[in-house]
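Structure file run.pdb; described as PDB, C-alpha atoms, pLDDT in the B column.
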ATOM      1  CA  MET A  26      -8.185 -31.659   0.664  1.00 73.00           C
ATOM      2  CA  ASP A  27      -7.084 -28.733  -1.488  1.00 72.00           C
ATOM      3  CA  LYS A  28      -3.948 -30.666  -2.522  1.00 77.00           C
ATOM      4  CA  LEU A  29      -6.022 -33.464  -4.070  1.00 79.00           C
ATOM      5  CA  PRO A  30      -6.751 -33.330  -7.800  1.00 76.00           C
ATOM      6  CA  PRO A  31     -10.323 -32.593  -8.960  1.00 72.00           C
ATOM      7  CA  SER A  32     -12.733 -35.518  -9.098  1.00 73.00           C
ATOM      8  CA  ALA A  33     -13.436 -37.355 -12.347  1.00 69.00           C
ATOM      9  CA  ASP A  34     -16.730 -35.467 -12.692  1.00 70.00           C
ATOM     10  CA  ALA A  35     -14.982 -32.129 -12.288  1.00 67.00           C
ATOM     11  CA  GLN A  36     -12.314 -33.111 -14.815  1.00 66.00           C
ATOM     12  CA  GLY A  37     -14.991 -34.166 -17.298  1.00 64.00           C
ATOM     13  CA  MET A  38     -16.700 -30.768 -17.169  1.00 65.00           C
ATOM     14  CA  GLY A  39     -13.941 -29.178 -19.235  1.00 59.00           C
ATOM     15  CA  GLU A  40     -13.102 -26.134 -17.124  1.00 59.00           C
ATOM     16  CA  PRO A  41     -10.937 -26.577 -14.071  1.00 58.00           C
ATOM     17  CA  LEU A  42     -12.540 -25.922 -10.709  1.00 56.00           C
ATOM     18  CA  VAL A  43     -11.382 -22.549  -9.374  1.00 61.00           C
ATOM     19  CA  LEU A  44     -12.062 -21.494  -5.788  1.00 67.00           C
ATOM     20  CA  ALA A  45     -13.752 -18.127  -5.237  1.00 69.00           C
ATOM     21  CA  ASP A  46     -10.676 -16.538  -3.659  1.00 68.00           C
ATOM     22  CA  GLU A  47      -8.440 -17.719  -6.523  1.00 77.00           C
ATOM     23  CA  LYS A  48     -10.486 -16.107  -9.299  1.00 80.00           C
ATOM     24  CA  ARG A  49      -8.665 -13.243 -10.937  1.00 81.00           C
ATOM     25  CA  VAL A  50     -10.330  -9.890 -10.619  1.00 83.00           C
ATOM     26  CA  PRO A  51     -10.111  -7.348 -13.445  1.00 81.00           C
ATOM     27  CA  PHE A  52      -7.108  -5.039 -13.415  1.00 82.00           C
ATOM     28  CA  THR A  53      -9.473  -2.115 -12.794  1.00 83.00           C
ATOM     29  CA  TYR A  54     -10.983  -3.762  -9.682  1.00 83.00           C
ATOM     30  CA  LEU A  55     -10.733  -1.270  -6.819  1.00 83.00           C
ATOM     31  CA  GLY A  56     -12.554  -3.147  -4.062  1.00 85.00           C
ATOM     32  CA  ARG A  57     -11.218  -4.796  -0.901  1.00 84.00           C
ATOM     33  CA  GLY A  58      -8.759  -1.992  -0.215  1.00 87.00           C
ATOM     34  CA  ARG A  59      -6.965  -2.323  -3.542  1.00 90.00           C
ATOM     35  CA  GLY A  60      -7.918   1.076  -4.953  1.00 92.00           C
ATOM     36  CA  LEU A  61      -7.611   2.891  -1.637  1.00 94.00           C
ATOM     37  CA  LEU A  62      -4.146   1.485  -0.947  1.00 95.00           C
ATOM     38  CA  ALA A  63      -2.917   2.326  -4.449  1.00 94.00           C
ATOM     39  CA  THR A  64      -4.263   5.874  -4.056  1.00 96.00           C
ATOM     40  CA  LEU A  65      -2.579   6.263  -0.670  1.00 96.00           C
ATOM     41  CA  ALA A  66       0.721   5.110  -2.198  1.00 96.00           C
ATOM     42  CA  LEU A  67       0.448   7.760  -4.929  1.00 96.00           C
ATOM     43  CA  LEU A  68      -0.424  10.423  -2.359  1.00 97.00           C
ATOM     44  CA  GLY A  69       2.586   9.287  -0.336  1.00 96.00           C
ATOM     45  CA  LEU A  70       4.828   9.807  -3.354  1.00 95.00           C
ATOM     46  CA  ALA A  71       3.370  13.293  -3.723  1.00 96.00           C
ATOM     47  CA  ALA A  72       4.009  14.003  -0.016  1.00 94.00           C
ATOM     48  CA  PHE A  73       7.616  12.888  -0.507  1.00 94.00           C
ATOM     49  CA  ALA A  74       7.995  15.743  -3.009  1.00 93.00           C
ATOM     50  CA  LEU A  75       6.552  18.340  -0.590  1.00 94.00           C
ATOM     51  CA  PRO A  76       8.712  20.320   1.876  1.00 93.00           C
ATOM     52  CA  TRP A  77       9.700  18.258   4.927  1.00 84.00           C
ATOM     53  CA  VAL A  78      12.025  20.717   6.646  1.00 87.00           C
ATOM     54  CA  SER A  79      12.103  24.513   6.239  1.00 81.00           C
ATOM     55  CA  VAL A  80      15.289  26.129   7.510  1.00 81.00           C
ATOM     56  CA  THR A  81      15.176  29.856   8.329  1.00 72.00           C
ATOM     57  CA  LEU A  82      18.594  30.313   9.930  1.00 77.00           C
ATOM     58  CA  PRO A  83      21.468  30.430   8.822  1.00 75.00           C
ATOM     59  CA  ASP A  84      19.903  30.323   5.322  1.00 79.00           C
ATOM     60  CA  ILE A  85      16.347  30.230   4.096  1.00 78.00           C
ATOM     61  CA  VAL A  86      15.858  26.909   2.347  1.00 83.00           C
ATOM     62  CA  SER A  87      13.280  24.109   2.190  1.00 86.00           C
ATOM     63  CA  TYR A  88      14.123  20.448   1.936  1.00 87.00           C
ATOM     64  CA  THR A  89      11.737  17.958   0.350  1.00 86.00           C
ATOM     65  CA  GLY A  90      11.912  14.254   1.090  1.00 88.00           C
ATOM     66  CA  MET A  91      14.070  13.858  -2.014  1.00 89.00           C
ATOM     67  CA  ASP A  92      16.447  16.580  -0.851  1.00 89.00           C
ATOM     68  CA  LEU A  93      16.764  14.894   2.528  1.00 85.00           C
ATOM     69  CA  GLY A  94      17.411  11.601   0.760  1.00 89.00           C
ATOM     70  CA  ARG A  95      20.347  13.154  -1.064  1.00 90.00           C
ATOM     71  CA  ARG A  96      21.782  14.422   2.232  1.00 86.00           C
ATOM     72  CA  LEU A  97      20.863  11.431   4.423  1.00 85.00           C
ATOM     73  CA  GLY A  98      20.845   8.053   2.710  1.00 87.00           C
ATOM     74  CA  TRP A  99      18.238   6.553   5.041  1.00 88.00           C
ATOM     75  CA  ALA A 100      15.774   9.319   4.162  1.00 86.00           C
ATOM     76  CA  TRP A 101      15.095   7.638   0.790  1.00 93.00           C
ATOM     77  CA  ALA A 102      13.088   4.948   2.613  1.00 92.00           C
ATOM     78  CA  PRO A 103       9.698   6.709   2.329  1.00 94.00           C
ATOM     79  CA  GLY A 104       9.996   7.344  -1.403  1.00 93.00           C
ATOM     80  CA  VAL A 105      11.165   3.811  -2.122  1.00 95.00           C
ATOM     81  CA  ALA A 106       8.471   2.284   0.088  1.00 96.00           C
ATOM     82  CA  TRP A 107       5.664   4.268  -1.581  1.00 95.00           C
ATOM     83  CA  PHE A 108       7.114   3.479  -5.010  1.00 96.00           C
ATOM     84  CA  VAL A 109       7.202  -0.272  -4.283  1.00 96.00           C
ATOM     85  CA  LEU A 110       3.813  -0.365  -2.533  1.00 95.00           C
ATOM     86  CA  PHE A 111       1.947   0.910  -5.589  1.00 95.00           C
ATOM     87  CA  PRO A 112       2.832  -1.956  -7.997  1.00 95.00           C
ATOM     88  CA  THR A 113       2.723  -4.471  -5.153  1.00 93.00           C
ATOM     89  CA  VAL A 114      -0.928  -3.647  -4.578  1.00 93.00           C
ATOM     90  CA  LEU A 115      -1.922  -3.467  -8.242  1.00 91.00           C
ATOM     91  CA  SER A 116      -0.182  -6.713  -9.190  1.00 90.00           C
ATOM     92  CA  ARG A 117      -2.332  -8.732  -6.766  1.00 89.00           C
ATOM     93  CA  ARG A 118      -5.208  -9.942  -8.908  1.00 84.00           C
ATOM     94  CA  SER A 119      -6.964 -12.520  -6.705  1.00 87.00           C
ATOM     95  CA  LEU A 120      -8.274 -12.376  -3.161  1.00 86.00           C
ATOM     96  CA  ARG A 121      -5.765 -14.999  -2.078  1.00 86.00           C
ATOM     97  CA  GLN A 122      -2.908 -12.918  -3.487  1.00 88.00           C
ATOM     98  CA  MET A 123      -4.269  -9.790  -1.816  1.00 89.00           C
ATOM     99  CA  ARG A 124      -4.544 -11.491   1.551  1.00 90.00           C
ATOM    100  CA  GLY A 125      -1.091 -12.984   1.108  1.00 89.00           C
ATOM    101  CA  ALA A 126       0.393  -9.535   0.514  1.00 90.00           C
ATOM    102  CA  ARG A 127      -1.116  -7.972   3.649  1.00 92.00           C
ATOM    103  CA  LEU A 128       2.006  -8.218   5.770  1.00 92.00           C
ATOM    104  CA  ALA A 129       4.331  -6.997   3.023  1.00 94.00           C
ATOM    105  CA  ALA A 130       2.011  -4.081   2.253  1.00 94.00           C
ATOM    106  CA  ALA A 131       1.782  -3.186   5.946  1.00 95.00           C
ATOM    107  CA  PHE A 132       5.581  -3.147   6.278  1.00 96.00           C
ATOM    108  CA  LEU A 133       5.938  -1.030   3.141  1.00 95.00           C
ATOM    109  CA  ALA A 134       3.275   1.354   4.447  1.00 95.00           C
ATOM    110  CA  ALA A 135       4.960   1.601   7.868  1.00 96.00           C
ATOM    111  CA  PHE A 136       8.436   2.584   6.590  1.00 94.00           C
ATOM    112  CA  PRO A 137       7.521   6.179   5.632  1.00 95.00           C
ATOM    113  CA  GLY A 138       5.868   6.845   8.977  1.00 94.00           C
ATOM    114  CA  LEU A 139       8.773   5.355  10.898  1.00 95.00           C
ATOM    115  CA  THR A 140      11.225   7.481   8.921  1.00 93.00           C
ATOM    116  CA  ALA A 141       9.219  10.618   9.673  1.00 92.00           C
ATOM    117  CA  LEU A 142       9.044   9.697  13.358  1.00 94.00           C
ATOM    118  CA  LEU A 143      12.799   9.140  13.396  1.00 92.00           C
ATOM    119  CA  LEU A 144      13.322  12.577  11.920  1.00 91.00           C
ATOM    120  CA  LEU A 145      11.022  14.075  14.553  1.00 90.00           C
ATOM    121  CA  ALA A 146      12.779  12.198  17.365  1.00 91.00           C
ATOM    122  CA  ARG A 147      16.273  13.170  16.171  1.00 84.00           C
ATOM    123  CA  PRO A 148      15.859  16.601  14.556  1.00 78.00           C
ATOM    124  CA  PRO A 149      18.687  18.460  12.842  1.00 73.00           C
ATOM    125  CA  HIS A 150      20.937  20.345  15.234  1.00 71.00           C
ATOM    126  CA  ALA A 151      23.368  23.234  15.107  1.00 71.00           C
ATOM    127  CA  SER A 152      27.014  22.472  14.483  1.00 75.00           C
ATOM    128  CA  HIS A 153      30.305  24.356  14.711  1.00 76.00           C
ATOM    129  CA  GLY A 154      28.671  27.190  16.633  1.00 73.00           C
ATOM    130  CA  VAL A 155      26.338  28.112  13.758  1.00 71.00           C
ATOM    131  CA  PRO A 156      22.753  28.478  15.042  1.00 69.00           C
ATOM    132  CA  LEU A 157      20.024  26.516  13.274  1.00 70.00           C
ATOM    133  CA  ARG A 158      16.368  27.455  13.194  1.00 76.00           C
ATOM    134  CA  PHE A 159      13.884  25.270  11.292  1.00 74.00           C
ATOM    135  CA  THR A 160      10.321  23.992  11.206  1.00 80.00           C
ATOM    136  CA  PHE A 161       8.995  20.708   9.958  1.00 88.00           C
ATOM    137  CA  GLY A 162       6.925  21.006   6.800  1.00 88.00           C
ATOM    138  CA  VAL A 163       3.627  19.683   5.569  1.00 91.00           C
ATOM    139  CA  GLY A 164       5.274  16.802   3.692  1.00 90.00           C
ATOM    140  CA  LEU A 165       6.554  15.230   6.909  1.00 91.00           C
ATOM    141  CA  TYR A 166       3.186  15.394   8.655  1.00 94.00           C
ATOM    142  CA  ALA A 167       1.289  14.255   5.556  1.00 94.00           C
ATOM    143  CA  THR A 168       3.650  11.285   5.300  1.00 93.00           C
ATOM    144  CA  MET A 169       2.918  10.268   8.886  1.00 95.00           C
ATOM    145  CA  VAL A 170      -0.852  10.484   8.359  1.00 96.00           C
ATOM    146  CA  LEU A 171      -0.744   8.640   5.019  1.00 96.00           C
ATOM    147  CA  SER A 172       1.493   5.975   6.508  1.00 96.00           C
ATOM    148  CA  ALA A 173      -0.872   5.357   9.427  1.00 96.00           C
ATOM    149  CA  LEU A 174      -3.881   5.153   7.088  1.00 97.00           C
ATOM    150  CA  SER A 175      -2.008   2.841   4.724  1.00 96.00           C
ATOM    151  CA  VAL A 176      -1.017   0.458   7.511  1.00 95.00           C
ATOM    152  CA  GLY A 177      -4.655   0.235   8.585  1.00 94.00           C
ATOM    153  CA  VAL A 178      -5.856  -0.449   5.055  1.00 94.00           C
ATOM    154  CA  SER A 179      -3.015  -2.918   4.449  1.00 94.00           C
ATOM    155  CA  LEU A 180      -4.062  -5.062   7.386  1.00 92.00           C
ATOM    156  CA  THR A 181      -7.474  -5.557   5.768  1.00 91.00           C
ATOM    157  CA  PHE A 182      -6.201  -5.744   2.156  1.00 91.00           C
ATOM    158  CA  GLY A 183      -8.272  -8.365   0.311  1.00 85.00           C
ATOM    159  CA  GLY A 184     -10.349  -8.593   3.481  1.00 79.00           C
ATOM    160  CA  ARG A 185     -13.659 -10.117   4.258  1.00 71.00           C
ATOM    161  CA  GLY A 186     -15.765  -7.364   2.686  1.00 43.00           C
ATOM    162  CA  ARG A 187     -18.324  -4.895   3.947  1.00 42.00           C
ATOM    163  CA  ALA A 188     -20.377  -5.527   7.087  1.00 42.00           C
ATOM    164  CA  GLY A 189     -23.595  -7.293   6.241  1.00 42.00           C
ATOM    165  CA  ALA A 190     -22.311  -8.483   2.860  1.00 46.00           C
ATOM    166  CA  ASN A 191     -21.374 -12.027   1.970  1.00 52.00           C
ATOM    167  CA  PRO A 192     -17.668 -12.127   2.933  1.00 48.00           C
ATOM    168  CA  ASP A 193     -16.744 -14.675   0.278  1.00 49.00           C
ATOM    169  CA  LYS A 194     -18.657 -13.076  -2.580  1.00 55.00           C
ATOM    170  CA  VAL A 195     -16.458 -11.777  -5.373  1.00 53.00           C
ATOM    171  CA  GLU A 196     -17.874  -9.306  -7.854  1.00 54.00           C
ATOM    172  CA  MET A 197     -17.361 -10.879 -11.293  1.00 52.00           C
ATOM    173  CA  PRO A 198     -18.795 -10.069 -14.714  1.00 51.00           C
ATOM    174  CA  ARG A 199     -22.270 -11.523 -15.166  1.00 56.00           C
ATOM    175  CA  GLY A 200     -22.874 -14.308 -17.668  1.00 55.00           C
ATOM    176  CA  SER A 201     -25.373 -16.964 -18.534  1.00 55.00           C
ATOM    177  CA  SER A 202     -25.496 -20.427 -16.995  1.00 54.00           C
ATOM    178  CA  GLU A 203     -27.919 -21.892 -19.550  1.00 58.00           C
ATOM    179  CA  ASP A 204     -25.658 -24.663 -20.772  1.00 56.00           C
ATOM    180  CA  SER A 205     -24.037 -25.411 -17.410  1.00 57.00           C
ATOM    181  CA  VAL A 206     -24.635 -28.600 -15.476  1.00 59.00           C
ATOM    182  CA  LEU A 207     -25.766 -27.841 -11.934  1.00 54.00           C
ATOM    183  CA  HIS A 208     -25.461 -30.394  -9.125  1.00 55.00           C
TER     184      HIS A 208
END

Show this structure as structure tokens.
Amino acid sequence: MDKLPPSADAQGMGEPLVLADEKRVPFTYLGRGRGLLATLALLGLAAFALPWVSVTLPDIVSYTGMDLGRRLGWAWAPGVAWFVLFPTVLSRRSLRQMRGARLAAAFLAAFPGLTALLLLARPPHASHGVPLRFTFGVGLYATMVLSALSVGVSLTFGGRGRAGANPDKVEMPRGSSEDSVLH
């Protein structure tokens, strides 16, 4: 039915018929997980700049996510994923677009956590007889937490709304319907 053109009456009304989930929301709309997911992406970028690994032997040095990315090419994945997730979320301006981007947003949100888990599972090791002593930093753990939260929010991105609320209701600017024809 949705592939059929509007009826003659609908065409005669002047404005095309737009379904509720196809209406564009304002750019500043933060509901339905849009604002929370964008905020989590920015926090993820900040966590990427925090220390991930602190080495105390043989030297005293801290490595941020960016530093690890320079040393290990695959370690750029969290920064790139957070960087791409932010505009992906903000560029979705209708509920249909938001729901359509759920899977992509969930994958982008999962990459940082998977990278951190990989680093935990295969930690740095000593080589050439030089001992290595290190601890994982706050950036690594913050990335895992933010990634898990972001995946959860991504799966409901553009979702059905709050419990008890009309799931198909979209908050739009109020106007007058004085001159509108109601059927």

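Here, the PyMOL selection byres ((chain A and resi 91) around 10) matches Phe73, Ala74, Leu75, Pro76, Trp77, Tyr88, Thr89, Gly90, Asp92, Leu93, Gly94, Arg95, Arg96, Leu97, Ala100, Trp101, Pro103 and Gly104 of chain A.
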
Using the selection just defined, write its residues with C-alpha atoms as a compact mmCIF listing (two decimals), in the coordinates of the input.
# COMPACT_ATOMS: atom_id res chain seq x y z
CA PHE A 73 7.62 12.89 -0.51
CA ALA A 74 8.00 15.74 -3.01
CA LEU A 75 6.55 18.34 -0.59
CA PRO A 76 8.71 20.32 1.88
CA TRP A 77 9.70 18.26 4.93
CA TYR A 88 14.12 20.45 1.94
CA THR A 89 11.74 17.96 0.35
CA GLY A 90 11.91 14.25 1.09
CA ASP A 92 16.45 16.58 -0.85
CA LEU A 93 16.76 14.89 2.53
CA GLY A 94 17.41 11.60 0.76
CA ARG A 95 20.35 13.15 -1.06
CA ARG A 96 21.78 14.42 2.23
CA LEU A 97 20.86 11.43 4.42
CA ALA A 100 15.77 9.32 4.16
CA TRP A 101 15.10 7.64 0.79
CA PRO A 103 9.70 6.71 2.33
CA GLY A 104 10.00 7.34 -1.40

Produce a table with one row for each residue of stretch 53-115 of chain A that has an atom at most 10 Å from any atom of stretch 127-132 of chain A, each row naming the nearest atom pair and its distance in Å at one decimal; use all atoms listed in the file; arrange rows by chain and rising residue number; format as a Markdown table.
| residue | atom | partner | partner_atom | distance |
| --- | --- | --- | --- | --- |
| A:Leu62 | CA | A:Ala130 | CA | 8.9 |
| A:Ala106 | CA | A:Phe132 | CA | 8.7 |
| A:Trp107 | CA | A:Ala130 | CA | 9.9 |
| A:Val109 | CA | A:Ala130 | CA | 9.2 |
| A:Leu110 | CA | A:Ala130 | CA | 6.3 |
| A:Phe111 | CA | A:Ala130 | CA | 9.3 |
| A:Thr113 | CA | A:Ala130 | CA | 7.5 |
| A:Val114 | CA | A:Ala130 | CA | 7.4 |

| task | List, as an MDAnalysis selection string, every residue that the PyMOL selection byres ((chain A and resi 117) around 12) selects in the file provided. | result | chainID A and resid 46:60 62:63 110:116 118:127 129:130 182:183

| field | Computed interatomic separation between atom CA of A:Leu61 and atom CA of A:Val178 (Å) | value |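 Going from atom CA of A:Leu61 over to atom CA of A:Val178, I get 7.7 Å.
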
| Resolved residues for the PyMOL selection byres ((chain A and resi 140) around 10) as a PyMOL selection string | chain A and resi 99-103+135-139+141-146+165+168-169

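Pairwise distance (atom CA of A:Ala66, atom CA of A:Phe108) equals 7.2 Å.
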
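Between atom CA of A:Leu157 and atom CA of A:Thr81 lies a distance of 7.7 Å.
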
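Considering the residues A:Leu67, A:Val176, A:Val80, A:Ser32 and counting all atoms listed in the file, A:Val105 has its shortest atom-to-atom contact with A:Leu67.
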
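Closest approach to A:Val155 among A:Leu65, A:Ala72, A:Pro31, A:Asp84: A:Asp84, based on all atoms listed in the file.
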
Please supply stretch 160-174 of chain A, rebuilt with N, CA and C atoms, as a CSV table (one decimal), in the coordinates of the input.
chain,number,residue,atom,x,y,z
A,160,THR,N,11.6,24.6,10.9
A,160,THR,CA,10.3,24.0,11.2
A,160,THR,C,10.1,22.8,10.3
A,161,PHE,N,9.3,21.9,10.8
A,161,PHE,CA,9.0,20.7,10.0
A,161,PHE,C,7.8,21.1,9.0
A,162,GLY,N,7.9,20.6,7.8
A,162,GLY,CA,6.9,21.0,6.8
A,162,GLY,C,5.7,20.1,6.7
A,163,VAL,N,4.9,20.4,5.8
A,163,VAL,CA,3.6,19.7,5.6
A,163,VAL,C,3.9,18.3,5.0
A,164,GLY,N,5.0,18.1,4.3
A,164,GLY,CA,5.3,16.8,3.7
A,164,GLY,C,5.5,15.8,4.8
A,165,LEU,N,6.2,16.2,5.8
A,165,LEU,CA,6.6,15.2,6.9
A,165,LEU,C,5.3,14.8,7.6
A,166,TYR,N,4.4,15.7,7.9
A,166,TYR,CA,3.2,15.4,8.7
A,166,TYR,C,2.2,14.6,7.8
A,167,ALA,N,2.1,15.0,6.5
A,167,ALA,CA,1.3,14.3,5.6
A,167,ALA,C,1.8,12.8,5.4
A,168,THR,N,3.1,12.6,5.4
A,168,THR,CA,3.6,11.3,5.3
A,168,THR,C,3.3,10.4,6.5
A,169,MET,N,3.3,11.0,7.7
A,169,MET,CA,2.9,10.3,8.9
A,169,MET,C,1.4,9.9,8.8
A,170,VAL,N,0.6,10.8,8.4
A,170,VAL,CA,-0.9,10.5,8.4
A,170,VAL,C,-1.1,9.4,7.3
A,171,LEU,N,-0.5,9.6,6.1
A,171,LEU,CA,-0.7,8.6,5.0
A,171,LEU,C,-0.2,7.3,5.4
A,172,SER,N,0.9,7.2,6.1
A,172,SER,CA,1.5,6.0,6.5
A,172,SER,C,0.6,5.3,7.5
A,173,ALA,N,0.0,6.0,8.5
A,173,ALA,CA,-0.9,5.4,9.4
A,173,ALA,C,-2.1,4.8,8.7
A,174,LEU,N,-2.7,5.6,7.8
A,174,LEU,CA,-3.9,5.2,7.1
A,174,LEU,C,-3.6,3.9,6.2
